[in-house]
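Single-structure report; data block below.
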Amino acid sequence: NAGVTQTPKFQVLKTGQSMTLQCAQDMNHNSMYWYRQDPGMGLRLIYYSASEGTTDKGEVPNGYNVSRLNKREFSLRLESAAPSQTSVYFCASRETVGNQPQHFGDGTRLSIL
Amino acid sequence: GDSVTQMEGPVTLSEEAFLTINCTYTATGYPSLFWYVQYPGEGLQLLLKATKADDKGSNKGFEATYRKETTSFHLEKGSVQVSDSAVYFCAPHSYNTDKLIFGTGTRLQVFP
């Protein structure tokens, strides 16, 4: 059972470089989410997708773009990385029918120098 | 706006001690309530859930009861183990926005 798969697991970038974080789920879920986790701040929602072809901003969208490529995949792009974007990024998905929980990937640890 | 308040951590206990982690929330509508656990270096895992008032969620010896009148969902375990050391997140799910509401989490440290 793969669940939610994130790649890469670790990445180091230089300021100004671009990068795409990949996320795929094999549970046929409609909703997908991107979060960032910083020390002492819990998880903050970056972007959200209720279904294929739709995306919506979360709490901290500045500096990021997303693509819901199909039902399985939801990617997060940093166009010009900044040190403030050093964080751990989590992708999650959820079945929208019923009171279902979100399922999380193992995270991408991103450092920007 | 929607929010969650959890105990400040870290919570430090000896093995076999009783654990309570308090959680209160504000959320529009009638949210489902979840506890997630994050072990060091890992993602979040669902620990337990409750979807309506007075429901009790339970898993791995942990329990929490949905208290609508006090908007609380406190996590308890009768006897903690060293392996329970982790960060615990209380997270209501707002169906108005289809989003989880996260607080800062509570770090639990259990010593032998």
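Starting from 1 in every chain, residues are counted up; chains themselves are A, B, ... following the order of the structure tokens, and ligands are numbered from 1 as listed.
Residues from chain A found within 7 Å of chain B are Gly40, Met41, Gly42, Leu43, Asn99, Phe104, Gly105, Asp106 and Gly107 of chain A, counting only C-alpha atoms.
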I need the residues from that last selection saved to file as a CSV table (one decimal), in the first residue's frame (with all heavy atoms), if you can.
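Okay, this is what ended up in part-v1.csv:
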chain,number,residue,atom,x,y,z
A,40,GLY,N,7.7,24.9,15.6
A,40,GLY,CA,6.9,25.7,16.5
A,40,GLY,C,5.6,26.3,15.8
A,40,GLY,O,4.9,27.1,16.5
A,41,MET,N,5.4,25.9,14.6
A,41,MET,CA,4.2,26.5,13.9
A,41,MET,C,3.2,25.5,13.4
A,41,MET,O,2.3,25.9,12.6
A,41,MET,CB,4.8,27.4,12.7
A,41,MET,CG,5.7,28.5,13.2
A,41,MET,SD,5.9,29.8,11.9
A,41,MET,CE,4.3,30.5,11.9
A,42,GLY,N,3.4,24.3,13.7
A,42,GLY,CA,2.4,23.3,13.2
A,42,GLY,C,2.5,23.2,11.7
A,42,GLY,O,3.5,23.5,11.0
A,43,LEU,N,1.3,22.8,11.1
A,43,LEU,CA,1.2,22.7,9.6
A,43,LEU,C,0.4,23.9,9.1
A,43,LEU,O,-0.7,24.2,9.6
A,43,LEU,CB,0.6,21.4,9.2
A,43,LEU,CG,1.5,20.2,9.1
A,43,LEU,CD1,1.9,19.7,10.5
A,43,LEU,CD2,0.9,19.1,8.3
A,99,ASN,N,-17.0,11.2,6.4
A,99,ASN,CA,-16.1,11.8,7.4
A,99,ASN,C,-14.7,11.2,7.4
A,99,ASN,O,-14.2,10.6,8.3
A,99,ASN,CB,-16.7,11.7,8.8
A,99,ASN,CG,-18.0,12.4,8.8
A,99,ASN,OD1,-18.2,13.5,8.3
A,99,ASN,ND2,-19.0,11.7,9.4
A,104,PHE,N,-1.3,11.5,4.8
A,104,PHE,CA,-0.1,12.3,4.6
A,104,PHE,C,1.0,11.4,4.0
A,104,PHE,O,1.2,10.2,4.3
A,104,PHE,CB,0.4,12.9,5.9
A,104,PHE,CG,-0.5,14.0,6.3
A,104,PHE,CD1,-1.7,13.8,7.0
A,104,PHE,CD2,-0.1,15.3,6.1
A,104,PHE,CE1,-2.5,14.8,7.4
A,104,PHE,CE2,-1.0,16.4,6.5
A,104,PHE,CZ,-2.1,16.1,7.2
A,105,GLY,N,1.8,12.1,3.1
A,105,GLY,CA,3.1,11.5,2.7
A,105,GLY,C,4.1,11.7,3.8
A,105,GLY,O,3.9,12.3,4.8
A,106,ASP,N,5.3,11.2,3.5
A,106,ASP,CA,6.4,11.2,4.4
A,106,ASP,C,7.2,12.6,4.4
A,106,ASP,O,8.1,12.8,5.3
A,106,ASP,CB,7.4,10.1,4.2
A,106,ASP,CG,6.8,8.7,4.5
A,106,ASP,OD1,5.9,8.7,5.4
A,106,ASP,OD2,7.3,7.7,4.0
A,107,GLY,N,6.9,13.4,3.5
A,107,GLY,CA,7.5,14.7,3.5
A,107,GLY,C,8.7,14.9,2.6
A,107,GLY,O,9.4,13.9,2.3
### Residue neighbourhood stretch 70-77 of chain B, 6 Å, only C-alpha atoms, exclusion window fewer than 5 positions, as number ranges by chain
B: 18-25, 61-65
Expected file contents, prior selection, N, CA, C and O atoms, as a compact mmCIF listing (two decimals), in the first residue's frame:
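Result went into selection-v5.txt, see below:
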# COMPACT_ATOMS: atom_id res chain seq x y z
N PHE B 18 0.04 8.27 33.38
CA PHE B 18 -1.20 8.61 32.70
C PHE B 18 -0.98 9.89 31.88
O PHE B 18 -0.35 10.83 32.34
N LEU B 19 -1.52 9.88 30.66
CA LEU B 19 -1.35 11.01 29.77
C LEU B 19 -2.68 11.70 29.48
O LEU B 19 -3.68 11.03 29.20
N THR B 20 -2.68 13.02 29.56
CA THR B 20 -3.77 13.84 29.02
C THR B 20 -3.15 14.97 28.22
O THR B 20 -2.26 15.66 28.72
N ILE B 21 -3.61 15.14 27.00
CA ILE B 21 -3.26 16.31 26.20
C ILE B 21 -4.56 17.02 25.86
O ILE B 21 -5.44 16.46 25.20
N ASN B 22 -4.69 18.24 26.36
CA ASN B 22 -5.93 18.99 26.16
C ASN B 22 -6.00 19.60 24.76
O ASN B 22 -4.99 20.03 24.20
N CYS B 23 -7.23 19.64 24.23
CA CYS B 23 -7.47 20.25 22.93
C CYS B 23 -8.84 20.91 22.96
O CYS B 23 -9.84 20.28 23.30
N THR B 24 -8.88 22.19 22.62
CA THR B 24 -10.15 22.89 22.41
C THR B 24 -10.10 23.55 21.05
O THR B 24 -9.02 23.85 20.53
N TYR B 25 -11.26 23.77 20.46
CA TYR B 25 -11.29 24.26 19.08
C TYR B 25 -12.46 25.23 18.89
O TYR B 25 -13.42 25.23 19.66
N GLY B 61 -4.50 2.20 22.57
CA GLY B 61 -4.60 2.58 23.97
C GLY B 61 -4.93 4.04 24.20
O GLY B 61 -5.18 4.45 25.33
N PHE B 62 -4.94 4.83 23.14
CA PHE B 62 -5.32 6.24 23.23
C PHE B 62 -6.83 6.37 23.04
O PHE B 62 -7.44 5.62 22.30
N GLU B 63 -7.41 7.36 23.74
CA GLU B 63 -8.84 7.64 23.61
C GLU B 63 -9.08 9.14 23.60
O GLU B 63 -8.31 9.90 24.21
N ALA B 64 -10.17 9.54 22.94
CA ALA B 64 -10.61 10.94 23.00
C ALA B 64 -12.11 10.97 22.75
O ALA B 64 -12.60 10.22 21.88
N THR B 65 -12.83 11.81 23.47
CA THR B 65 -14.28 11.90 23.35
C THR B 65 -14.67 13.26 22.81
O THR B 65 -14.19 14.30 23.28
### Message
For a quick check of understanding, using only C-alpha atoms, which of B:Cys90, B:Gly78, B:Gly9, B:Tyr66 has the smallest distance to B:Leu47?
### Response
B:Cys90
### Query
DSSP on the backbone: what in chain B comes out strand (DSSP E), as a ChimeraX atom specification?
/B:3-6,11-14,19-21,23-26,32-38,44-50,56-59,62-65,75-77,86-94,99-100,106-111
### Residue neighbourhood A:Tyr33, 12 Å, only C-alpha atoms, exclusion window fewer than 6 positions, as a PyMOL selection string
(chain A and resi 4+22-25+43-51+54-59+61+66-68+72-76+89-95+102-105) or (chain B and resi 98-100)
### Task
Write out as an NGL selection string which residues come within 8 Å of B:Thr28 when counting only C-alpha atoms, dropping same-chain ones fewer than 4 positions away.
:B and (2 or 94 or 96)
#### Entry: Selected residue, from B:Pro92, B:Val110, B:Thr5, B:Thr97, that lies nearest to B:Val80 when counting only C-alpha atoms
B:Val110
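Going from atom CA of A:Gly16 to atom CA of A:Ala82 covers 6.5 Å.
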### Message
Taking only C-alpha atoms into account, name the residue in A:Val97, A:Leu21, A:Leu78, A:Ala2 that is nearest to A:Arg109.
### Response
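Nearest to A:Arg109: A:Leu21.
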### Query
In Å, how far is it from atom CA of A:Gly98 to atom CA of B:Ala27?
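Taking atom CA of A:Gly98 as the start and atom CA of B:Ala27 as the end point, the length is 18.1 Å.
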